Each structure stands twice: as C-alpha cells, then as structure tokens.
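These notes concern the structure reproduced below.
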Amino acid sequence: MDTMPQNLMMLGNPWQLGLVLLVVVLLFGKGKVSDLMGDVAKGIKAFKKGLAEDGDTPAQTPPKPLDHQPEKAGSTTANTESGTRV
C-alpha cells in the first residue's frame, strides 16, 4: 500500500515534477519565469487592494420610487366591435 495521500498522488512522483519544472525553465528561461511570477504577485496585490477598497465605500442610498400615475379605466381607446385598437 502506498502511504501518500490520494490528492498528492495526482502530482506524480517528485522526479516527474522536477523534470517538468526543468523543462519549463529551459524553454522559457530563468528570467522569464521570474518575471511571470512577479506579474502574478502584482495581480494578486491589485486584487486584494480592490477588495479592500470595496469595503470602504459608504452605504448606498435606497432607490427612489417612480412617480407614475395609474391609467384610468376609460382612457384607452379600443374598438370593441372590430377588435382593433385606434
């Protein structure tokens, strides 16, 4: 029986993971990978800053009710004999 938890087995063994990381570094270069990780970190910081700013906004005012007048029963002009409206 394998003592590794089921969710860690999905990653493969450490040699396979290391080989994949080596290929990524060889393809993109060390500088490119570090730049990418820096951009990801900036994105996370901007996201957190946006969430913090949303909490600081004052409460919104409730919407105003519409000023509409209900139609009167006799105000529609309909021709009841032919079934068409005028």
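Identifiers in this document derive from the order of the structure tokens: chains are assigned A, B, ..., residues are numbered from 1 separately in each chain, and ligands are numbered from 1 in order of occurrence.
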
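Around region 33-36 of chain A, within 12 Å and counting only C-alpha atoms, the residues found are Leu21, Leu22, Val23, Val24, Val25, Leu26, Leu27, Lys42 and Gly43 of chain A, once anything fewer than 6 positions away on its own chain is removed.
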
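For the atom pair formed by CA of Gly31 (chain A) and CA of Gly12 (chain A), the distance is 26.5 Å, given to one decimal.
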
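In this model, the gap between CA of Val40 (chain A) and CA of Ala52 (chain A) comes to 18.5 Å.
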
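One finds CA of Leu17 (chain A) at 19.4 Å from CA of Lys32 (chain A).
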